[in-house]
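The structure appears right after this line, and notes come after that.
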Amino acid sequence: MAFAGFLVRRLLQAIPVVIGVTIVVFLLIHLVPGDPARTALGPHATPRAIERLHHEWGLDRPLPTQYWLFMKRLLTGDLGTSLRLKQPAGSLVVERMPVTLWLIGYATFLTCLLAVPAALLAASRQGALRDRLVRVLSVVALGIPGFWLGLMLIEYVAVDAQLLPSAGYGSGFIGHLESLFLPSLTIALGITPLVIRSLRAETLKVAESDFVTTARAKGLSERQIRLRHVLRNALAPSVAVLAVNVSFLVGGTLVIEQVFSLGGVGTLMLQGINSRDFPVVQAVTLILALVVVAINIMGDLVQALIDPRVEAR
Amino acid sequence: MSVVGGLPNGTEGPPTSAEVEVEARSPLRGMAVGRVVGRRVGANASLVIGLAIIGALLLIGALAGVISPHDPVKQEIGNTLAPPGTAGHILGTDQLGRDTLSRLIYGARNDVFVALGALVLPFVFGTLVGIVAGYRGGWFDSVMVGVIDVIIAFPILVLLIALVFVLGPGVKTIIISVALIDWVVYARLARTAARREAVMEYVLAAQVGGIPTWRILGRHVVPNIISQSIIYAMSDAVLIILFITTLGFLGLGIPPPASDWGTMIAEAQPYINNQWWLAVIPGIAIIVAAFGLSLIADGLAQRLDAR
Amino acid sequence: MAGSPSEKRGAGRLLAVRDLRVGVGPQEDGFDPVSDASLHADRGEVVGVVGESGSGKSLTLRAIAALLPPGVAVRSGDVDVGDIDVVHADRREVHRLRGGAVGMVFQEPMTALNPTMRIGPQIAEAARAHRKVSRVEAKARAIELLGQMQFTEPERRYRLYPHELSGGMRQRVVIAIALAGDPELLLCDEPTTALDATVTMRVLGLITGLAKELDIGILLVTHDLGVAARVCDRIVVMYAGRVVEEGPAVAILRRPRHAYTLALLQAVPTRESTIEALRAIPGSPPKVGEVPSGCPFVPRCTLAEPACEQPVSLVEIAAGRMSACRRHELLADLVEADDA
C-alpha cells in the first residue's frame with residue numbers, strides 16, 4: 001500500500017538525522033572549555049578521580065574512537081551513568097518520561113483546540129474586527145514568557161481562586177487531566193499564536209484558489225465550501241507548522257515543569273545542570289531530540305492522510 | 001454592498017498604480033486589490049508603533065546610567081519590599097532593597113541589547129551559507145541541508161540550555177549559543193529563495209552574459225532574499241528575548257549582579273503572594289518589548305508584501 | 001409585478017447581456033475593465049468571445065455567472081440568463097444560477113480541482129447541489145458524466161485524485177462538474193489555453209459536440225482566433241472592455257468590419273499567409289483607466305480618421321452583423337478588393 005511505503009520511506013529518511021543528532025550530543029561534552037572531567041567533578045577532585053572519569057568517558061582516546069564507543073554503548077541502551085545519582089542516565093530519563101509526554105500531548109491538544117477556531121474565525125472575514133482582534137491577541141500572546149504566565153496562573157487561578165491544583169502530576173487519567181491543565185495551557189499558549197498565524201494565512205490562501213471558485217460555480221453554499229474544500233486544504237500545511245512548533249513546545253515543557261514542580265524530564269535536566277551531571281544532560285538532550293524526530297514523522301503521516309499529494313512526493 | 005461580487009471589508013481609497021498594474025496583468029485577481037488597499041491602511045501603524053516601542057527601550061537602555069534614579073545593585077537593607085509609589089522608589093524595591101525601576105532600566109539594556117546583538121551573527125552567517133548553498137547547489141548544499149536538518153531536529157530551548165550549560169553562563173555564551181543554533185533558520189530561508197532566483201531567466205541571462213557571480217548575487221539575488229530574512233529577524237528577536245529571560249529565570253542567564261528581567265521574576269517567586277508587583281512588572285516589560293518587535297515584523301511584512 | 005420576468009426581460013433568449021459595465025474599486029474613483037459589453041447566446045449555439053488579454057472578456061464571463069472576484073462589481077447594465085436577472089439576483093437565485101442554469105469551465109485544469117478530494121465526489125457534489133438526489137444517485141450520475149466525457153472505466157476513475165490525471169483529463173473532469181447540474185448555458189474561460197495542441201482538439205470537440213447533443217448554449221472565451229474559427233457559430237470581438245464587433249463566425253473571419261478585427265486576423269499565422277503578410281498590431285492596448293473617449297483602437301489603428309476620436313457605439317451594419325467601427329464601409333471595400 002502506498003501509505004505503508006510512505007511510512008517506510010519516511011523512517012529511512014530519519015536515520016541520517018538521528019545519526020547527526022547523536023554526533024551533536026556526543027560533541028556537546030567537547031565544547032566544555034578546559035577539561036570536562038575536571039569541570040564535572042569540581043575543584044576539589046583528586047587527580048586520580050579525574051583520571052578515572054577520563055578513562056570511563058574515553059576522553060583519553062582519539063575522537064572517532066570515542067564516538068564509536070559512544071554509539072556502541074547507545075545501541076545497547078547505555079546512555080552513561082549519572083555522576084550524582086550513580087544510576088544509568090537512560091533509565092532516569094525513562095522514569096520521568098510519562099509526565100513530559102503527557103504535557104506534550106495535552107499541550108498539543110489544547111493548541112489545536114484554541115488555534116483552529118480562532119484561525120477560522122479570523123479568516124472568515126479578512127480585515128474585519130474579529131480578524132484584527134485575533135491577530136492583535138496572538139501578537140500579544142506570542143510575547144508572553146511561559147514561565148511568567150505559569151507563575152501568574154498558579155498565583156491567580158490555582159492559589160487565589162482555588163480552581164485547579166498548582167503543582168504535581170495528580171493520579172489517574174482524570175487526575176492528570178486536572179493537574180496538568182494549567183501547565184499544558186501555559187505551554188500551549190506559547191505556540192498557539194504561531195499556529196493561528198499560519199492556519200489563518202493558509203485558509204486565506206486556499207480561499208483564493210481556483211478550486212474554491214469551481215466549488216462556488218457549482219452552487220455550493222459558503223459553509224459547504226469552507227468545510228469541504230477550504231478547511232481540509234488549509235489543514236495539511238498547518239499540521240506541518242504544528243509539528244515544527246512542537247519542537248518549541250518540547251523545549252517549553254522543560255521550563256514549565258520547573259514552574260509547576262512536575263518532576264519530569266526537564267526537571268531532571270535542570271537538576272543535572274545544577275550538579276554538573278554531564279551524562280544526564282546528554283541523555284535528556286538526546287532523548288528529547290528523538291521525541292522531536294518522532295513527532296515530525298507523525299506530522300508527516302498526518303499530512304499524508306489529509307493530502308494525498310504528500311504521499312506521492 | 002453592491003449586487004454582484006461585492007467590495008470586501010470596507011477598504012476604500014483610490015487605486016494606486018501598483019494595483020492598476022496588478023489588475024491589468026490579471027483581471028481576475030481582484031483579491032489582490034483588497035489586500036493591497038488593506039495593507040496600506042494597517043501597515044504603517046504597526047511599524048510606527050513597533051519602532052517607537054523598541055526605539056524607546058533602546059534609548060532607555062543606552063541612557064541607563066543617566067536616567068536610572070538609583071544604582072541597580074545598591075541594597076537598602078532598611079527599605080526592602082517597598083510597594084510601588086514609595087517615595088524615592090516609584091516602582092518599589094525588591095527583597096534586598098534594590099530599586100525596581102533602576103533594575104528594570106538596566107534590564108532593558110541587557111535583554112533588548114543582547115537579543116538584538118545575538119541576532120547579528122546568525123543572520124549574517126545563516127544568510128551567507130544559505131545563499132551559497134542554494135545558488136551553487138552540489139556537495140556544499142547537500143552537507144548544509146544535512147546539518148540544518150539535524151539542528152532543527154533538536155528542541156531549540158533544550159539544545160540552547162545544554163549549550164549554555166557546557167559553555168558556562170554569560171553574555172558571550174548567550175551570543176555564541178544562539179548563533180550556533182539560530183543560523184539554520186536564516187540559512188533555510190535564504191537557500192530556498194536563492195534556489196528560486198538561481199533558475200530565473202534574468203540570472204541565466206546574466207550568467208550567459210559573463211557577469212561575475214558575486215555581482216549577480218549582490219545586484220539581484222541578495223536584495224530579493226534579504227527583505228524576507230529581515231522580517232523573520234524581528235519575529236526571531238521576540239523568541240531570543242524569551243530565550244534570554246527564560247535562561248535568567250532558570251539561573252543560567254546573564255550572571256548577577258547585572259539585572260535581567262527573567263532573573264527579576266525568578267527572584268520575585270517567593271514573594272508573589274504579597275508583593276505581586278515584583279513579578280508582574282518585569283513580566284510586563286518583557287511583553288511590551290516582544291510586542292514592539294512583533295509589530296515591527298508585522299509592519300515590515302505588510303510593507304514588503306511578503307505574506 | 002405584471003407579467004413573468006422572462007417575458008419582460010429575456011425575450012426568450014438563453015443569455016442576454018446589455019450595456020454591461022464592470023468596475024474595480026470604489027464607484028467614484030475606481031476603473032472599469034468592462035465598460036460597454038452587449039452580447040447574447042441561444043440554445044445549441046457556440047458563441048466565441050475573442051480579444052487580447054485585458055480586453056475584459058473573462059470578467060464579462062464571470063459577471064454572467066455572478067462569480068466576480070471580491071472588489072469587482074457590476075456597475076450598470078443587465079445580465080439575463082433564462083429568467084434569472086443576474087445583476088439583481090438574491091441569494092436563492094444566485095444559487096439557482098451557479099451550477100444550475102450556468103456551468104463554468106476554467107482556464108487552469110491544474111488548479112481548478114480540489115487536490116485533496118477524489119474527482120468522483122467533486123462531480124457528485126455538483127450534482128447534489130441542485131437536485132434532491134441521494135448519495136448513491138449522485139455517484140451514479142458522476143460515473144455517467146465521466147463516461148460521457150470519454151473516460152474509460154469511469155467507475156475506477158471515480159476514485160482517483162486530480163494529481164493522478166493529466167491536464168486534458170482534468171479539464172474533462174472540470175467539464176463534467178460544469179454539466180453535473182444540467183445547465184442550459186456553459187461558460188468556458190479559455191478552456192484550452194493550458195493544454196497542448198492534440199488535447200486542445202479533443203476538448204474542443206467534446207465541448208461543441210455537447211452544444212448540439214444537449215441543446216445548450218456555450219459561451220467560449222478565447223484569445224486564440226484559430227480556436228474560435230474551429231468551433232464557433234458566432235463571434236463577439238472585445239477590445240479595451242467593449243464589444244467592438246459581432247457576427248457569424250465565418251463572416252467575421254472572412255470579412256471583418258472592424259479595424260481591430262482585421263488587425264487581429266492579420267496577426268494570426270495561417271497556412272496561406274506569408275511572413276510578409278503576417279504583422280503584429282503596433283503598440284499595445286490602452287492601460288486600464290486610460291481608455292480614450294472615442295474609439296479605443298484609434299492609437300493603434302492604421303485606418304483612423306479624425307472623426308474616430310468621437311465616441312462611437314455598436315450599430316447594426318448588416319443583418320446579424322454589428323460593428324463599432326466608423327470605417328466599416330471602407331473595410332468592406334478593402335476586404336472585397338483583397339478577395340478579388
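If you're wondering about the labels, chains in the C-alpha cells are A, B, ... by order shown, residues count from 1 in each chain, ligands from 1 in order shown.
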Counting only C-alpha atoms, which residues of stretch 97-130 of chain A fall within 12 Å of stretch 232-245 of chain A, and what is the closest atom pair for each with its distance in Å at one decimal, ordered by chain and rising number, as a tab-separated table?
```
residue	atom	partner	partner_atom	distance
A:Ile104	CA	A:Asn245	CA	11.2
A:Gly105	CA	A:Ala243	CA	11.9
A:Ala107	CA	A:Asn245	CA	11.3
A:Thr108	CA	A:Leu242	CA	8.3
A:Phe109	CA	A:Leu242	CA	10.8
A:Thr111	CA	A:Leu242	CA	8.9
A:Cys112	CA	A:Leu242	CA	8.7
A:Ala115	CA	A:Leu242	CA	10.2
A:Val116	CA	A:Leu235	CA	9.2
A:Ala119	CA	A:Ala234	CA	10.6
A:Leu120	CA	A:Ala234	CA	10.1
A:Ala123	CA	A:Ala234	CA	11.1
```
* Hey, list the chain B side of the contact with chain A: 7 Å cut-off, only C-alpha atoms, answer as a list in words. =>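 Residues passing the distance filter: Asn9, Asp149, Val150, Ala153, Phe154, Pro155, Ile156, Leu157, Val158, Leu159, Ala162, Phe165, Val166, Leu167, Val238, Leu242, Gly283, Ile287, Ala290, Phe291 and Ser294 of chain B.
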Those residues with N, CA and C atoms, as a PDB file, in the first residue's frame please?
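Contents of selection.pdb, as written:
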```pdb
ATOM      1  N   ASN B   9     -14.675  44.156   3.003  1.00  0.00           N
ATOM      2  CA  ASN B   9     -14.284  44.785   4.261  1.00  0.00           C
ATOM      3  C   ASN B   9     -14.023  46.292   4.228  1.00  0.00           C
ATOM      4  N   ASP B 149      19.024  20.007   8.919  1.00  0.00           N
ATOM      5  CA  ASP B 149      18.022  19.024   9.363  1.00  0.00           C
ATOM      6  C   ASP B 149      18.331  18.522  10.761  1.00  0.00           C
ATOM      7  N   VAL B 150      19.611  18.283  11.027  1.00  0.00           N
ATOM      8  CA  VAL B 150      19.993  17.752  12.341  1.00  0.00           C
ATOM      9  C   VAL B 150      19.701  18.786  13.431  1.00  0.00           C
ATOM     10  N   ALA B 153      16.200  19.176  14.282  1.00  0.00           N
ATOM     11  CA  ALA B 153      15.612  18.032  14.979  1.00  0.00           C
ATOM     12  C   ALA B 153      15.635  18.208  16.491  1.00  0.00           C
ATOM     13  N   PHE B 154      16.463  19.133  16.981  1.00  0.00           N
ATOM     14  CA  PHE B 154      16.514  19.334  18.435  1.00  0.00           C
ATOM     15  C   PHE B 154      15.420  20.291  18.880  1.00  0.00           C
ATOM     16  N   PRO B 155      14.863  20.034  20.091  1.00  0.00           N
ATOM     17  CA  PRO B 155      14.009  21.070  20.675  1.00  0.00           C
ATOM     18  C   PRO B 155      14.921  22.253  21.001  1.00  0.00           C
ATOM     19  N   ILE B 156      14.616  23.412  20.422  1.00  0.00           N
ATOM     20  CA  ILE B 156      15.570  24.515  20.437  1.00  0.00           C
ATOM     21  C   ILE B 156      16.004  24.900  21.852  1.00  0.00           C
ATOM     22  N   LEU B 157      15.011  25.061  22.734  1.00  0.00           N
ATOM     23  CA  LEU B 157      15.343  25.531  24.074  1.00  0.00           C
ATOM     24  C   LEU B 157      16.231  24.523  24.804  1.00  0.00           C
ATOM     25  N   VAL B 158      15.973  23.228  24.572  1.00  0.00           N
ATOM     26  CA  VAL B 158      16.756  22.185  25.241  1.00  0.00           C
ATOM     27  C   VAL B 158      18.209  22.256  24.784  1.00  0.00           C
ATOM     28  N   LEU B 159      18.405  22.349  23.471  1.00  0.00           N
ATOM     29  CA  LEU B 159      19.764  22.416  22.951  1.00  0.00           C
ATOM     30  C   LEU B 159      20.454  23.691  23.434  1.00  0.00           C
ATOM     31  N   ALA B 162      21.439  23.264  26.983  1.00  0.00           N
ATOM     32  CA  ALA B 162      22.583  22.351  27.052  1.00  0.00           C
ATOM     33  C   ALA B 162      23.864  23.093  26.662  1.00  0.00           C
ATOM     34  N   PHE B 165      24.921  25.463  29.318  1.00  0.00           N
ATOM     35  CA  PHE B 165      25.473  24.669  30.408  1.00  0.00           C
ATOM     36  C   PHE B 165      26.941  24.321  30.146  1.00  0.00           C
ATOM     37  N   VAL B 166      27.223  23.777  28.958  1.00  0.00           N
ATOM     38  CA  VAL B 166      28.606  23.359  28.733  1.00  0.00           C
ATOM     39  C   VAL B 166      29.545  24.560  28.565  1.00  0.00           C
ATOM     40  N   LEU B 167      29.032  25.666  28.045  1.00  0.00           N
ATOM     41  CA  LEU B 167      29.910  26.818  27.819  1.00  0.00           C
ATOM     42  C   LEU B 167      30.040  27.702  29.047  1.00  0.00           C
ATOM     43  N   VAL B 238      11.898  38.328  19.044  1.00  0.00           N
ATOM     44  CA  VAL B 238      10.925  38.028  20.101  1.00  0.00           C
ATOM     45  C   VAL B 238      11.326  36.738  20.800  1.00  0.00           C
ATOM     46  N   LEU B 242      12.690  36.001  24.673  1.00  0.00           N
ATOM     47  CA  LEU B 242      12.090  34.998  25.552  1.00  0.00           C
ATOM     48  C   LEU B 242      13.144  33.990  26.011  1.00  0.00           C
ATOM     49  N   GLY B 283       7.554  41.125  34.075  1.00  0.00           N
ATOM     50  CA  GLY B 283       6.803  40.343  33.080  1.00  0.00           C
ATOM     51  C   GLY B 283       6.216  41.252  32.027  1.00  0.00           C
ATOM     52  N   ILE B 287       6.762  41.546  27.902  1.00  0.00           N
ATOM     53  CA  ILE B 287       5.653  41.503  26.945  1.00  0.00           C
ATOM     54  C   ILE B 287       5.682  42.738  26.047  1.00  0.00           C
ATOM     55  N   ALA B 290       8.533  42.412  23.510  1.00  0.00           N
ATOM     56  CA  ALA B 290       8.200  41.416  22.490  1.00  0.00           C
ATOM     57  C   ALA B 290       7.110  41.943  21.564  1.00  0.00           C
ATOM     58  N   PHE B 291       6.152  42.649  22.134  1.00  0.00           N
ATOM     59  CA  PHE B 291       5.061  43.207  21.334  1.00  0.00           C
ATOM     60  C   PHE B 291       5.616  44.205  20.319  1.00  0.00           C
ATOM     61  N   SER B 294       7.261  42.346  17.547  1.00  0.00           N
ATOM     62  CA  SER B 294       6.258  41.696  16.691  1.00  0.00           C
ATOM     63  C   SER B 294       5.595  42.714  15.769  1.00  0.00           C
TER      64      SER B 294
END
```
* Any idea which chain C residues end up within 9 Å of chain B if we count only C-alpha atoms, as a PyMOL selection string please? -> chain C and resi 24-26+28-31+33+53-54+56+58-59+62-63+66-75+86-90+287-289
* **Neighbour list for stretch 68-73 of chain A as a list in words, cut-off 9 Å, only C-alpha atoms, skip fewer than 4 positions in-chain** =>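 So, after excluding close chain neighbours, the residues are Thr22, Phe26, Trp57, Gly58, Leu63, Pro64, Gly77, Asp78, Leu79 and Gly80 of chain A.
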If you keep C-alpha atoms, can you produce a file of those selected residues as a PDB file, in the first residue's frame?
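And here's selection_30.pdb as it stands now:
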```pdb
ATOM      1  CA  THR A  22      23.930  11.565  18.190  1.00  0.00           C
ATOM      2  CA  PHE A  26      28.390  13.412  21.596  1.00  0.00           C
ATOM      3  CA  TRP A  57      34.258   8.647  29.308  1.00  0.00           C
ATOM      4  CA  GLY A  58      37.017   7.582  26.956  1.00  0.00           C
ATOM      5  CA  LEU A  63      37.742  11.474  18.797  1.00  0.00           C
ATOM      6  CA  PRO A  64      36.457   8.969  16.179  1.00  0.00           C
ATOM      7  CA  GLY A  77      20.686   1.255  25.515  1.00  0.00           C
ATOM      8  CA  ASP A  78      23.516   2.606  27.666  1.00  0.00           C
ATOM      9  CA  LEU A  79      23.354   6.396  27.900  1.00  0.00           C
ATOM     10  CA  GLY A  80      26.069   6.711  30.537  1.00  0.00           C
TER      11      GLY A  80
END
```
* Asked: Quick one: residues within 9 Å of C:His95, only C-alpha atoms counted, chain neighbours fewer than 4 positions away excluded, as a PyMOL selection string?
  -> (chain A and resi 217-221) or (chain C and resi 90-91+99-100+129-130)
* Which is closer to B:Ile161 than all the others in B:Ala187, B:Ala52, B:Ile244, B:Leu58, using only C-alpha atoms? ->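 Smallest distance to B:Ile161 is found for B:Ile244.
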* Contacts of stretch 110-117 of chain B within 6 Å, only C-alpha atoms, excl. fewer than 3 positions in-chain, as a list in words ->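 Selected residues are Gly107, Val120, Ile240 and Ile241 of chain B.
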* To do: Compile the contact shell of B:Ser68 as a ChimeraX atom specification: residues with an atom at most 7 Å away, counting only C-alpha atoms, same-chain residues fewer than 4 positions apart removed.
  => /B:64,102,105
* Structure fact -> In Å and to one decimal, atom CA of C:Ala319 is distant from atom CA of C:Leu20 by 23.0 Å
* Members of stretch 163-270 of chain C assigned alpha helix (DSSP H) by DSSP, as number ranges by chain -> C: 167-179, 197-210, 225-231, 249-254, 259-266
Give me a file of those residues, with N, CA and C atoms, as a tab-separated table (two decimals), in the first residue's frame.
```
chain	number	residue	atom	x	y	z
C	167	GLY	N	-3.44	16.84	-17.68
C	167	GLY	CA	-4.15	18.11	-17.82
C	167	GLY	C	-5.44	17.97	-18.62
C	168	GLY	N	-5.38	17.26	-19.73
C	168	GLY	CA	-6.57	17.10	-20.56
C	168	GLY	C	-7.66	16.34	-19.82
C	169	MET	N	-7.26	15.32	-19.05
C	169	MET	CA	-8.24	14.56	-18.29
C	169	MET	C	-8.87	15.43	-17.21
C	170	ARG	N	-8.05	16.23	-16.58
C	170	ARG	CA	-8.60	17.11	-15.54
C	170	ARG	C	-9.61	18.08	-16.15
C	171	GLN	N	-9.27	18.59	-17.35
C	171	GLN	CA	-10.19	19.54	-17.96
C	171	GLN	C	-11.52	18.84	-18.27
C	172	ARG	N	-11.45	17.56	-18.62
C	172	ARG	CA	-12.70	16.85	-18.88
C	172	ARG	C	-13.49	16.65	-17.58
C	173	VAL	N	-12.76	16.48	-16.47
C	173	VAL	CA	-13.46	16.40	-15.18
C	173	VAL	C	-14.14	17.74	-14.87
C	174	VAL	N	-13.42	18.84	-15.16
C	174	VAL	CA	-14.00	20.15	-14.90
C	174	VAL	C	-15.27	20.33	-15.74
C	175	ILE	N	-15.24	19.87	-16.97
C	175	ILE	CA	-16.44	19.97	-17.81
C	175	ILE	C	-17.56	19.11	-17.23
C	176	ALA	N	-17.20	17.91	-16.75
C	176	ALA	CA	-18.22	17.05	-16.13
C	176	ALA	C	-18.86	17.76	-14.94
C	177	ILE	N	-18.03	18.44	-14.13
C	177	ILE	CA	-18.57	19.19	-12.98
C	177	ILE	C	-19.52	20.27	-13.47
C	178	ALA	N	-19.11	20.96	-14.54
C	178	ALA	CA	-19.93	22.05	-15.05
C	178	ALA	C	-21.28	21.55	-15.55
C	179	LEU	N	-21.28	20.30	-16.05
C	179	LEU	CA	-22.52	19.78	-16.62
C	179	LEU	C	-23.39	19.05	-15.59
C	197	ALA	N	-1.62	20.97	-28.13
C	197	ALA	CA	-2.45	21.06	-29.32
C	197	ALA	C	-3.39	19.87	-29.51
C	198	THR	N	-2.88	18.64	-29.34
C	198	THR	CA	-3.74	17.49	-29.61
C	198	THR	C	-4.88	17.41	-28.60
C	199	VAL	N	-4.54	17.70	-27.32
C	199	VAL	CA	-5.57	17.65	-26.28
C	199	VAL	C	-6.59	18.76	-26.52
C	200	THR	N	-6.10	19.92	-26.97
C	200	THR	CA	-7.00	21.04	-27.28
C	200	THR	C	-8.09	20.59	-28.25
C	201	MET	N	-7.70	19.90	-29.30
C	201	MET	CA	-8.67	19.45	-30.30
C	201	MET	C	-9.74	18.58	-29.67
C	202	ARG	N	-9.26	17.67	-28.82
C	202	ARG	CA	-10.19	16.72	-28.22
C	202	ARG	C	-11.20	17.44	-27.32
C	203	VAL	N	-10.68	18.35	-26.48
C	203	VAL	CA	-11.56	19.06	-25.55
C	203	VAL	C	-12.54	19.94	-26.32
C	204	LEU	N	-12.05	20.60	-27.38
C	204	LEU	CA	-12.94	21.45	-28.18
C	204	LEU	C	-14.03	20.62	-28.84
C	205	GLY	N	-13.63	19.46	-29.35
C	205	GLY	CA	-14.60	18.57	-29.99
C	205	GLY	C	-15.69	18.18	-29.00
C	206	LEU	N	-15.25	17.89	-27.80
C	206	LEU	CA	-16.18	17.49	-26.74
C	206	LEU	C	-17.17	18.62	-26.46
C	207	ILE	N	-16.64	19.83	-26.33
C	207	ILE	CA	-17.48	20.97	-25.98
C	207	ILE	C	-18.51	21.25	-27.07
C	208	THR	N	-18.08	21.29	-28.33
C	208	THR	CA	-19.03	21.62	-29.39
C	208	THR	C	-20.04	20.52	-29.61
C	209	GLY	N	-19.57	19.27	-29.41
C	209	GLY	CA	-20.50	18.15	-29.51
C	209	GLY	C	-21.63	18.31	-28.51
C	210	LEU	N	-21.28	18.78	-27.33
C	210	LEU	CA	-22.27	18.95	-26.27
C	210	LEU	C	-23.36	19.94	-26.64
C	225	LEU	N	-7.78	33.06	-32.12
C	225	LEU	CA	-8.72	33.10	-33.24
C	225	LEU	C	-8.85	31.75	-33.92
C	226	GLY	N	-7.77	30.98	-33.90
C	226	GLY	CA	-7.81	29.65	-34.50
C	226	GLY	C	-8.84	28.79	-33.82
C	227	VAL	N	-8.83	28.84	-32.49
C	227	VAL	CA	-9.81	28.07	-31.72
C	227	VAL	C	-11.22	28.54	-32.05
C	228	ALA	N	-11.40	29.86	-32.07
C	228	ALA	CA	-12.73	30.41	-32.35
C	228	ALA	C	-13.20	30.00	-33.73
C	229	ALA	N	-12.29	30.06	-34.70
C	229	ALA	CA	-12.66	29.73	-36.08
C	229	ALA	C	-13.14	28.28	-36.17
C	230	ARG	N	-12.50	27.41	-35.38
C	230	ARG	CA	-12.78	26.00	-35.50
C	230	ARG	C	-14.15	25.63	-34.94
C	231	VAL	N	-14.56	26.27	-33.86
C	231	VAL	CA	-15.75	25.75	-33.18
C	231	VAL	C	-16.93	26.70	-33.08
C	249	ALA	N	-19.51	33.58	-37.33
C	249	ALA	CA	-18.08	33.31	-37.28
C	249	ALA	C	-17.42	33.44	-38.65
C	250	VAL	N	-18.02	32.80	-39.64
C	250	VAL	CA	-17.40	32.79	-40.96
C	250	VAL	C	-17.29	34.21	-41.50
C	251	ALA	N	-18.36	34.99	-41.32
C	251	ALA	CA	-18.36	36.36	-41.83
C	251	ALA	C	-17.30	37.20	-41.14
C	252	ILE	N	-17.22	37.07	-39.82
C	252	ILE	CA	-16.23	37.86	-39.07
C	252	ILE	C	-14.82	37.52	-39.52
C	253	LEU	N	-14.55	36.25	-39.70
C	253	LEU	CA	-13.19	35.83	-40.01
C	253	LEU	C	-12.83	36.14	-41.47
C	254	ARG	N	-13.85	36.05	-42.37
C	254	ARG	CA	-13.56	36.31	-43.79
C	254	ARG	C	-13.65	37.78	-44.13
C	259	ALA	N	-11.70	47.61	-37.71
C	259	ALA	CA	-10.27	47.69	-37.98
C	259	ALA	C	-9.47	46.80	-37.02
C	260	TYR	N	-9.97	46.69	-35.78
C	260	TYR	CA	-9.26	45.87	-34.80
C	260	TYR	C	-9.31	44.39	-35.19
C	261	THR	N	-10.50	43.93	-35.61
C	261	THR	CA	-10.63	42.54	-36.01
C	261	THR	C	-9.70	42.23	-37.17
C	262	LEU	N	-9.65	43.16	-38.10
C	262	LEU	CA	-8.77	42.97	-39.25
C	262	LEU	C	-7.32	42.83	-38.78
C	263	ALA	N	-6.91	43.73	-37.89
C	263	ALA	CA	-5.55	43.69	-37.38
C	263	ALA	C	-5.27	42.37	-36.67
C	264	LEU	N	-6.26	41.92	-35.90
C	264	LEU	CA	-6.12	40.64	-35.20
C	264	LEU	C	-5.90	39.51	-36.20
C	265	LEU	N	-6.71	39.51	-37.25
C	265	LEU	CA	-6.63	38.44	-38.25
C	265	LEU	C	-5.30	38.45	-38.97
C	266	GLN	N	-4.78	39.66	-39.18
C	266	GLN	CA	-3.51	39.74	-39.89
C	266	GLN	C	-2.35	39.28	-39.01
```
Counting only C-alpha atoms, give me one row per residue of chain C with an atom at most 10 Å from an atom of chain A, showing the shortest contact pair and its distance in Å to one decimal, sorted by chain then residue number, as CSV.
```
residue,atom,partner,partner_atom,distance
C:Arg62,CA,A:Ala217,CA,9.7
C:Ala65,CA,A:Ala217,CA,7.4
C:Ala66,CA,A:Ala217,CA,8.6
C:Leu67,CA,A:Ala217,CA,7.2
C:Leu68,CA,A:Thr213,CA,9.7
C:Pro69,CA,A:Thr213,CA,9.1
C:Arg91,CA,A:Ser221,CA,9.7
C:Val94,CA,A:Gly219,CA,7.8
C:His95,CA,A:Gly219,CA,5.1
C:Arg96,CA,A:Gly219,CA,7.2
C:Leu97,CA,A:Gly219,CA,7.5
C:Arg98,CA,A:Gly219,CA,4.7
C:Gly99,CA,A:Lys218,CA,4.1
C:Gly100,CA,A:Gly219,CA,7.1
C:Ala101,CA,A:Gly219,CA,9.9
C:Val102,CA,A:Ala217,CA,8.2
C:Gly103,CA,A:Ala217,CA,7.0
C:Met104,CA,A:Ala217,CA,6.4
C:Val105,CA,A:Thr214,CA,8.3
C:Phe106,CA,A:Thr214,CA,7.9
C:Gln107,CA,A:Asp210,CA,9.5
C:Glu108,CA,A:Asp210,CA,8.0
C:Pro109,CA,A:Asp210,CA,9.1
C:Met110,CA,A:Asp210,CA,9.2
C:Thr111,CA,A:Asp210,CA,5.6
C:Ala112,CA,A:Phe211,CA,4.2
C:Leu113,CA,A:Phe211,CA,4.8
C:Asn114,CA,A:Phe211,CA,5.3
C:Pro115,CA,A:Asp307,CA,7.4
C:Thr116,CA,A:Asp307,CA,5.1
C:Met117,CA,A:His229,CA,8.2
C:Arg118,CA,A:Pro308,CA,9.4
C:Gln122,CA,A:Ala215,CA,8.5
C:Ile123,CA,A:Lys218,CA,9.1
C:Glu125,CA,A:Lys218,CA,8.1
C:Ala126,CA,A:Lys218,CA,5.2
C:Ala127,CA,A:Lys218,CA,8.3
C:Arg128,CA,A:Leu220,CA,9.2
C:Ala129,CA,A:Leu220,CA,6.0
C:His130,CA,A:Gly219,CA,7.5
C:Tyr161,CA,A:Pro308,CA,7.6
C:Pro162,CA,A:Arg309,CA,9.3
C:His163,CA,A:Arg309,CA,7.0
C:Glu164,CA,A:Arg309,CA,9.1
C:Val174,CA,A:Thr214,CA,8.3
C:Ile177,CA,A:Lys218,CA,7.4
C:Ala178,CA,A:Lys218,CA,7.0
C:Leu179,CA,A:Lys218,CA,9.4
C:Ala180,CA,A:Lys218,CA,8.5
C:Gly181,CA,A:Lys218,CA,7.7
```
* Shell around B:Thr213 at 10 Å using only C-alpha atoms, local window under 6 positions removed, as a list of chain:residue names -> B:Tyr135, B:Val203, B:Ala206, B:Gln207, B:Arg219
Kindly save the residues from that selection, with N, CA and C atoms included, as a PDB file, in the first residue's frame.
```pdb
ATOM      1  N   TYR B 135      22.428  28.741  -4.257  1.00  0.00           N
ATOM      2  CA  TYR B 135      22.799  29.232  -5.584  1.00  0.00           C
ATOM      3  C   TYR B 135      23.720  28.252  -6.293  1.00  0.00           C
ATOM      4  N   VAL B 203      18.757  35.772 -14.236  1.00  0.00           N
ATOM      5  CA  VAL B 203      20.029  35.299 -13.699  1.00  0.00           C
ATOM      6  C   VAL B 203      20.772  34.490 -14.759  1.00  0.00           C
ATOM      7  N   ALA B 206      22.198  36.786 -17.215  1.00  0.00           N
ATOM      8  CA  ALA B 206      23.384  37.458 -16.684  1.00  0.00           C
ATOM      9  C   ALA B 206      24.578  36.519 -16.707  1.00  0.00           C
ATOM     10  N   GLN B 207      24.325  35.241 -16.412  1.00  0.00           N
ATOM     11  CA  GLN B 207      25.413  34.267 -16.431  1.00  0.00           C
ATOM     12  C   GLN B 207      25.969  34.107 -17.837  1.00  0.00           C
ATOM     13  N   ARG B 219      23.672  42.175  -6.846  1.00  0.00           N
ATOM     14  CA  ARG B 219      22.719  43.041  -7.509  1.00  0.00           C
ATOM     15  C   ARG B 219      21.290  42.513  -7.438  1.00  0.00           C
TER      16      ARG B 219
END
```
